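Asker: Shown below is the structure under consideration.
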Protein chains: 2
Amino acid sequence: MLDEAISKRKRTRIQTVNREAILQAALSVFSAYGYRGATLDEIAEKAGMSKPNLLYYFPRKKSLYVAVLEETLAQWLAPLAAMKADGDPADELSRYIDAKIAMSRDNPAASRLFASEILQGGGAITEFLHGPLKAIVDEKSRIIADWIAAGRLRPVDPRHLIFMIWATTQHYADFDVQVRAVLASDDEGRFKHASETIRRVVLEGLLPR
Amino acid sequence: MLDEAISKRKRTRIQTVNREAILQAALSVFSAYGYRGATLDEIAEKAGMSKPNLLYYFPRKKSLYVAVLEETLAQWLAPLAAMKADGDPADELSRYIDAKIAMSRDNPAASRLFASEILQGGGAITEFLHGPLKAIVDEKSRIIADWIAAGRLRPVDPRHLIFMIWATTQHYADFDVQVRAVLASDDEGRFKHASETIRRVVLEGLLPR
DNA sequence: GTGAGATTTGACCATTTAGTCAAGTTTTCT
DNA sequence: AGAAAACTTGACTAAATGGTCAAATCTCAC
């Protein structure tokens, strides 16, 4: 009755509030334990309501998971979508790296949720991976290839360059515990240093001399 | 009676065989679902024995998990430990990148297990992270800093450089599903291209000109 | 203010899961 | 061969978990 039905019809005030609370709680629990390891009891408690009430809004564990995931994916794509062909390669790459590092800093749970889903096989987002994600990577790879052809960037496989940026930036969200353990006591500047290091290595490595 | 006791006493032939089968099955299941999401039933089945028999060898889920993790951690540290101060920076970094990419190619489950544990908070390996791991990173960071001081490498924060190499190389194991989705149909050369791209960017970015 | 519809939850159920146990079977050592 | 030790498992338990349901409470347009 709800879920699908509700998402079409306009939402009541209470629905808006509760859905938001649930999605937020679900993000934190799913990202911490993965789909299988997460429990509805824990999510319900974090959202401040009973489990049956949670199930009133999302009638299946899976539908809740998918809802959280969908919210995350859009967010995830946005910065890459912003990369413009007519910009300066150095500026565009720099901006992209910064945007991704900012995401790791400001919304690590989203990054971890995505990582967890991929780690566990990505079964819930196969369509996304082979559809929108592949499409945008193809598009941006063409832009990078053009920069290279125009001599504005040194030769590099565009797709693997994109992987490099994903990997290095997301590392600071996904592997936060490890990063903190290795760095001097809870280095507050770690995101700034990360961004600087990544930008320096990537740009010095790829800008023409 | 077993577990701790057995690990001291010398192992029988059957113990050797079964422990190995269990550890391998456990690696595959834990790495796929995380600690909470993994079930002993599934591990036992994959190892080809009954659950009580599995529990004969590892009396707790946790002790099995820790055992698998320990095997993995040693493997994980080895390549970094091999980085020598008196080598050529280009060679040493190159070798390290290759070794890590080889690990991602040949033992992705180990990489994923580690990733999964860190993602889930790293509670089972806090000691490892703050002990041996931090120690070796400190040691190798000093080597890198010396290279920089000697003008053999351009200035970069050594620790973040190490993070970059970890992130980029492990990406090909941990995010394999995503990598495959984005690359042309199951690109068989992806590990070679990855290694080339990472080496090129890192070395061009950091070697003095 | 009131009633139709929206929201909430206690009690419950079936299944899954980590872990136990006693009774068996197999291996090993002499 | 024969006994001790090692190994194996069917049957079980208690707790956790996803999900149901009917009865109660709350909200809001009229």
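Following the order of the structure tokens, first chain is A, next is B, and so on, with residues numbered from 1 inside each chain and ligands from 1 in the order they appear.
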Please check the contacts: residues of chain C at most 10 Å away from chain A, using only C-alpha atoms (C1' of nucleotides), listed as a PDB file with N, CA, C and O atoms (P, O5', C5', C4', C3', O3' and C1' of nucleotides), in the first residue's frame.
Answerer:
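Dumped to iface-v3.pdb:
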```pdb
ATOM      1  P    DA C   6      -5.035   7.674   3.584  1.00  0.00           P
ATOM      2  O5'  DA C   6      -4.055   8.059   4.772  1.00  0.00           O
ATOM      3  C5'  DA C   6      -3.874   9.424   5.098  1.00  0.00           C
ATOM      4  C4'  DA C   6      -3.049   9.513   6.351  1.00  0.00           C
ATOM      5  C3'  DA C   6      -1.766   8.686   6.325  1.00  0.00           C
ATOM      6  O3'  DA C   6      -0.712   9.520   6.800  1.00  0.00           O
ATOM      7  C1'  DA C   6      -3.041   8.134   8.237  1.00  0.00           C
ATOM      8  P    DT C   7       0.746   8.978   6.872  1.00  0.00           P
ATOM      9  O5'  DT C   7       0.815   8.419   8.355  1.00  0.00           O
ATOM     10  C5'  DT C   7       0.710   9.344   9.439  1.00  0.00           C
ATOM     11  C4'  DT C   7       0.773   8.597  10.739  1.00  0.00           C
ATOM     12  C3'  DT C   7       2.036   7.767  10.998  1.00  0.00           C
ATOM     13  O3'  DT C   7       2.661   8.367  12.118  1.00  0.00           O
ATOM     14  C1'  DT C   7       0.090   6.615  11.665  1.00  0.00           C
ATOM     15  P    DT C   8       4.045   7.815  12.643  1.00  0.00           P
ATOM     16  O5'  DT C   8       3.598   6.715  13.674  1.00  0.00           O
ATOM     17  C5'  DT C   8       2.964   7.106  14.884  1.00  0.00           C
ATOM     18  C4'  DT C   8       2.652   5.880  15.704  1.00  0.00           C
ATOM     19  C3'  DT C   8       3.833   4.922  15.907  1.00  0.00           C
ATOM     20  O3'  DT C   8       4.212   4.968  17.274  1.00  0.00           O
ATOM     21  C1'  DT C   8       1.803   3.767  15.430  1.00  0.00           C
ATOM     22  P    DT C   9       5.526   4.219  17.726  1.00  0.00           P
ATOM     23  O5'  DT C   9       4.928   2.832  18.233  1.00  0.00           O
ATOM     24  C5'  DT C   9       3.894   2.856  19.215  1.00  0.00           C
ATOM     25  C4'  DT C   9       3.364   1.457  19.424  1.00  0.00           C
ATOM     26  C3'  DT C   9       4.462   0.386  19.573  1.00  0.00           C
ATOM     27  O3'  DT C   9       4.135  -0.412  20.690  1.00  0.00           O
ATOM     28  C1'  DT C   9       2.868  -0.309  18.011  1.00  0.00           C
ATOM     29  P    DG C  10       5.165  -0.788  21.784  1.00  0.00           P
ATOM     30  O5'  DG C  10       4.388  -1.957  22.542  1.00  0.00           O
ATOM     31  C5'  DG C  10       3.048  -1.757  22.980  1.00  0.00           C
ATOM     32  C4'  DG C  10       2.288  -3.074  22.936  1.00  0.00           C
ATOM     33  C3'  DG C  10       3.063  -4.275  23.443  1.00  0.00           C
ATOM     34  O3'  DG C  10       2.166  -5.120  24.165  1.00  0.00           O
ATOM     35  C1'  DG C  10       2.483  -4.612  21.153  1.00  0.00           C
TER      36       DG C  10
END
```
Asker: For a quick test of understanding: name the residues of chain A lying within 6 Å of chain B when counting only C-alpha atoms, and present them as a list in words.
Answerer: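 Here is what falls inside 6 Å: Ala32, Tyr33, Arg36, Gly37, Ile118, Leu119, Gln120, Leu129, His130, Lys134, Met164, Ala167, Thr168, His171, Asp174, Phe175, Ala181, Val182, Val201, Glu204 and Gly205 of chain A.
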Asker: Would you output that residue set with N, CA, C and O atoms, as a CSV table (one decimal), in the first residue's frame?
Answerer:
```csv
chain,number,residue,atom,x,y,z
A,32,ALA,N,27.7,0.8,7.6
A,32,ALA,CA,28.6,0.3,8.6
A,32,ALA,C,28.7,-1.2,8.6
A,32,ALA,O,29.7,-1.8,8.9
A,33,TYR,N,27.6,-1.9,8.2
A,33,TYR,CA,27.6,-3.4,8.3
A,33,TYR,C,27.3,-4.1,7.0
A,33,TYR,O,27.3,-5.3,6.9
A,36,ARG,N,23.5,-7.4,4.3
A,36,ARG,CA,23.2,-8.6,5.2
A,36,ARG,C,23.4,-8.3,6.6
A,36,ARG,O,22.7,-8.8,7.5
A,37,GLY,N,24.5,-7.6,7.0
A,37,GLY,CA,24.8,-7.4,8.4
A,37,GLY,C,24.0,-6.4,9.1
A,37,GLY,O,23.9,-6.3,10.3
A,118,ILE,N,29.5,-2.3,-3.7
A,118,ILE,CA,30.4,-2.8,-4.7
A,118,ILE,C,31.2,-4.0,-4.2
A,118,ILE,O,31.3,-5.1,-4.9
A,119,LEU,N,31.7,-3.9,-3.0
A,119,LEU,CA,32.5,-5.0,-2.4
A,119,LEU,C,31.6,-6.2,-2.3
A,119,LEU,O,32.2,-7.3,-2.5
A,120,GLN,N,30.4,-6.1,-2.0
A,120,GLN,CA,29.5,-7.3,-1.9
A,120,GLN,C,28.9,-7.7,-3.2
A,120,GLN,O,28.0,-8.5,-3.2
A,129,LEU,N,25.5,0.6,-12.7
A,129,LEU,CA,26.9,0.5,-13.1
A,129,LEU,C,27.0,0.4,-14.6
A,129,LEU,O,27.9,1.1,-15.2
A,130,HIS,N,26.2,-0.4,-15.3
A,130,HIS,CA,26.3,-0.6,-16.7
A,130,HIS,C,25.6,0.5,-17.5
A,130,HIS,O,25.8,0.6,-18.7
A,134,LYS,N,28.5,3.9,-16.5
A,134,LYS,CA,29.4,3.6,-17.7
A,134,LYS,C,29.2,4.8,-18.7
A,134,LYS,O,30.2,5.2,-19.3
A,164,MET,N,41.8,6.2,-10.8
A,164,MET,CA,42.8,6.7,-9.9
A,164,MET,C,42.2,7.8,-9.0
A,164,MET,O,42.4,7.8,-7.8
A,167,ALA,N,39.6,6.2,-6.6
A,167,ALA,CA,40.3,5.4,-5.6
A,167,ALA,C,40.9,6.3,-4.5
A,167,ALA,O,40.7,6.1,-3.3
A,168,THR,N,41.7,7.3,-5.0
A,168,THR,CA,42.5,8.1,-4.0
A,168,THR,C,41.6,8.9,-3.2
A,168,THR,O,41.8,9.1,-2.0
A,171,HIS,N,39.3,6.8,-0.8
A,171,HIS,CA,40.1,6.2,0.3
A,171,HIS,C,39.9,6.9,1.6
A,171,HIS,O,39.9,6.2,2.7
A,174,ASP,N,36.4,5.7,2.9
A,174,ASP,CA,36.2,4.3,3.1
A,174,ASP,C,37.2,3.7,4.1
A,174,ASP,O,36.9,2.8,4.9
A,175,PHE,N,38.5,4.2,4.1
A,175,PHE,CA,39.5,3.6,4.9
A,175,PHE,C,39.9,4.6,6.0
A,175,PHE,O,41.0,4.6,6.6
A,181,ALA,N,44.7,5.8,11.9
A,181,ALA,CA,45.7,5.0,12.7
A,181,ALA,C,47.1,5.3,12.3
A,181,ALA,O,48.0,5.4,13.1
A,182,VAL,N,47.3,5.6,11.0
A,182,VAL,CA,48.6,5.8,10.4
A,182,VAL,C,49.1,7.2,10.6
A,182,VAL,O,50.3,7.4,10.9
A,201,VAL,N,50.4,15.3,-7.5
A,201,VAL,CA,50.9,14.1,-8.2
A,201,VAL,C,50.2,14.0,-9.6
A,201,VAL,O,50.8,13.8,-10.6
A,204,GLU,N,51.1,17.2,-11.8
A,204,GLU,CA,52.5,17.2,-12.3
A,204,GLU,C,52.8,16.0,-13.2
A,204,GLU,O,53.6,16.1,-14.1
A,205,GLY,N,52.1,14.9,-12.9
A,205,GLY,CA,52.3,13.7,-13.7
A,205,GLY,C,51.7,13.9,-15.1
A,205,GLY,O,52.1,13.2,-16.0
```
Asker: What parts of stretch 47-163 of chain B does DSSP call helix (DSSP H, G or I)? I'd like the answer as a ChimeraX atom specification.
Answerer: /B:47,51-57,61-81,89-106,108-119,123-149,158-163
Asker: If we count only C-alpha atoms (C1' of nucleotides) and set the cut-off at 10 Å, which residues sit around stretch 22-30 of chain C, ignoring sequence neighbours fewer than 5 positions away in its own chain? Please answer as a PDB file with N, CA and C atoms (P, O5', C5', C4', C3', O3' and C1' of nucleotides), in the first residue's frame.
Answerer:
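Generated output (result_30.pdb):
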```pdb
ATOM      1  N   ILE B  14      45.027 -34.485   9.157  1.00  0.00           N
ATOM      2  CA  ILE B  14      43.648 -34.062   8.933  1.00  0.00           C
ATOM      3  C   ILE B  14      43.416 -32.623   9.355  1.00  0.00           C
TER       4      ILE B  14
ATOM      5  P    DG D   2      41.250 -58.096  18.708  1.00  0.00           P
ATOM      6  O5'  DG D   2      41.662 -56.792  19.515  1.00  0.00           O
ATOM      7  C5'  DG D   2      42.913 -56.749  20.206  1.00  0.00           C
ATOM      8  C4'  DG D   2      43.056 -55.384  20.827  1.00  0.00           C
ATOM      9  C3'  DG D   2      41.719 -54.723  21.218  1.00  0.00           C
ATOM     10  O3'  DG D   2      41.953 -53.972  22.402  1.00  0.00           O
ATOM     11  C1'  DG D   2      42.850 -53.350  19.685  1.00  0.00           C
ATOM     12  P    DA D   3      40.736 -53.735  23.426  1.00  0.00           P
ATOM     13  O5'  DA D   3      41.218 -52.396  24.148  1.00  0.00           O
ATOM     14  C5'  DA D   3      42.601 -52.240  24.481  1.00  0.00           C
ATOM     15  C4'  DA D   3      43.011 -50.801  24.220  1.00  0.00           C
ATOM     16  C3'  DA D   3      41.990 -49.764  24.685  1.00  0.00           C
ATOM     17  O3'  DA D   3      42.710 -48.679  25.250  1.00  0.00           O
ATOM     18  C1'  DA D   3      42.493 -49.392  22.430  1.00  0.00           C
ATOM     19  P    DA D   4      42.010 -47.743  26.338  1.00  0.00           P
ATOM     20  O5'  DA D   4      42.688 -46.338  25.990  1.00  0.00           O
ATOM     21  C5'  DA D   4      44.078 -46.309  25.652  1.00  0.00           C
ATOM     22  C4'  DA D   4      44.328 -45.145  24.703  1.00  0.00           C
ATOM     23  C3'  DA D   4      43.583 -43.871  25.079  1.00  0.00           C
ATOM     24  O3'  DA D   4      44.503 -42.800  25.023  1.00  0.00           O
ATOM     25  C1'  DA D   4      43.105 -44.456  22.821  1.00  0.00           C
ATOM     26  P    DA D   5      44.061 -41.340  25.514  1.00  0.00           P
ATOM     27  O5'  DA D   5      44.041 -40.539  24.132  1.00  0.00           O
ATOM     28  C5'  DA D   5      45.103 -40.750  23.189  1.00  0.00           C
ATOM     29  C4'  DA D   5      44.672 -40.207  21.849  1.00  0.00           C
ATOM     30  C3'  DA D   5      43.991 -38.840  21.916  1.00  0.00           C
ATOM     31  O3'  DA D   5      44.705 -37.961  21.069  1.00  0.00           O
ATOM     32  C1'  DA D   5      42.715 -40.360  20.598  1.00  0.00           C
ATOM     33  P    DA D   6      44.219 -36.501  20.825  1.00  0.00           P
ATOM     34  O5'  DA D   6      43.515 -36.607  19.402  1.00  0.00           O
ATOM     35  C5'  DA D   6      44.232 -37.205  18.322  1.00  0.00           C
ATOM     36  C4'  DA D   6      43.331 -37.292  17.116  1.00  0.00           C
ATOM     37  C3'  DA D   6      42.653 -35.968  16.764  1.00  0.00           C
ATOM     38  O3'  DA D   6      42.829 -35.770  15.380  1.00  0.00           O
ATOM     39  C1'  DA D   6      41.043 -37.698  16.940  1.00  0.00           C
ATOM     40  P    DC D   7      42.332 -34.444  14.680  1.00  0.00           P
ATOM     41  O5'  DC D   7      40.884 -34.878  14.165  1.00  0.00           O
ATOM     42  C5'  DC D   7      40.800 -35.928  13.201  1.00  0.00           C
ATOM     43  C4'  DC D   7      39.361 -36.312  13.012  1.00  0.00           C
ATOM     44  C3'  DC D   7      38.433 -35.207  12.496  1.00  0.00           C
ATOM     45  O3'  DC D   7      38.052 -35.581  11.188  1.00  0.00           O
ATOM     46  C1'  DC D   7      37.387 -36.587  14.117  1.00  0.00           C
ATOM     47  P    DT D   8      37.165 -34.593  10.301  1.00  0.00           P
ATOM     48  O5'  DT D   8      35.695 -35.048  10.693  1.00  0.00           O
ATOM     49  C5'  DT D   8      35.239 -36.337  10.277  1.00  0.00           C
ATOM     50  C4'  DT D   8      33.800 -36.526  10.694  1.00  0.00           C
ATOM     51  C3'  DT D   8      32.872 -35.357  10.329  1.00  0.00           C
ATOM     52  O3'  DT D   8      31.944 -35.820   9.360  1.00  0.00           O
ATOM     53  C1'  DT D   8      32.478 -36.149  12.535  1.00  0.00           C
ATOM     54  P    DT D   9      30.986 -34.770   8.640  1.00  0.00           P
ATOM     55  O5'  DT D   9      29.674 -34.948   9.526  1.00  0.00           O
ATOM     56  C5'  DT D   9      29.136 -36.255   9.696  1.00  0.00           C
ATOM     57  C4'  DT D   9      27.995 -36.221  10.680  1.00  0.00           C
ATOM     58  C3'  DT D   9      27.005 -35.068  10.454  1.00  0.00           C
ATOM     59  O3'  DT D   9      25.696 -35.586  10.553  1.00  0.00           O
ATOM     60  C1'  DT D   9      27.644 -35.148  12.690  1.00  0.00           C
ATOM     61  P    DG D  10      24.587 -35.247   9.519  1.00  0.00           P
ATOM     62  O5'  DG D  10      23.282 -35.766  10.270  1.00  0.00           O
ATOM     63  C5'  DG D  10      23.247 -37.100  10.812  1.00  0.00           C
ATOM     64  C4'  DG D  10      22.344 -37.139  12.034  1.00  0.00           C
ATOM     65  C3'  DG D  10      21.041 -36.361  11.891  1.00  0.00           C
ATOM     66  O3'  DG D  10      20.013 -37.081  12.588  1.00  0.00           O
ATOM     67  C1'  DG D  10      22.346 -35.406  13.643  1.00  0.00           C
ATOM     68  P    DA D  11      18.518 -36.524  12.605  1.00  0.00           P
ATOM     69  O5'  DA D  11      18.452 -35.804  14.026  1.00  0.00           O
ATOM     70  C5'  DA D  11      18.916 -36.508  15.192  1.00  0.00           C
ATOM     71  C4'  DA D  11      18.779 -35.592  16.390  1.00  0.00           C
ATOM     72  C3'  DA D  11      17.561 -34.665  16.345  1.00  0.00           C
ATOM     73  O3'  DA D  11      16.922 -34.671  17.615  1.00  0.00           O
ATOM     74  C1'  DA D  11      19.511 -33.399  16.679  1.00  0.00           C
TER      75       DA D  11
END
```
Asker: Atom CA of A:Ala44 and atom CA of A:Leu23 are how many Å apart?
Answerer: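 Atom CA of A:Leu23 lies 10.2 Å from atom CA of A:Ala44.
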Asker: For D:DG18, find every residue with an atom within 10 Å (counting only C-alpha atoms (C1' of nucleotides)), except residues of its own chain fewer than 6 positions away, and show them as a ChimeraX atom specification.
Answerer: /A:39-41,51,55,60-61 /C:14-16
Asker: Can you measure atom CA of B:Lys140 to atom CA of B:Leu69 for me? One decimal in Å is fine.
Answerer: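 Pair atom CA of B:Lys140 / atom CA of B:Leu69 returns 23.3 Å.
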Asker: Using only C-alpha atoms (C1' of nucleotides), find which residues of chain D lie within 10 Å of chain A and jot them down as an MDAnalysis selection string.
Answerer: chainID D and resid 16:20 27
Asker: With C-alpha atoms (C1' of nucleotides) retained, export the selected residues as a PDB file, in the first residue's frame.
Answerer:
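result.pdb written:
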```
ATOM      1  C1'  DA D  16      18.059 -12.761  16.770  1.00  0.00           C
ATOM      2  C1'  DT D  17      15.753 -11.355  12.749  1.00  0.00           C
ATOM      3  C1'  DG D  18      12.467 -10.060   8.841  1.00  0.00           C
ATOM      4  C1'  DG D  19       7.956  -9.569   8.549  1.00  0.00           C
ATOM      5  C1'  DT D  20       2.507  -9.700   9.860  1.00  0.00           C
ATOM      6  C1'  DT D  27      -4.236  14.290  12.098  1.00  0.00           C
TER       7       DT D  27
END
```
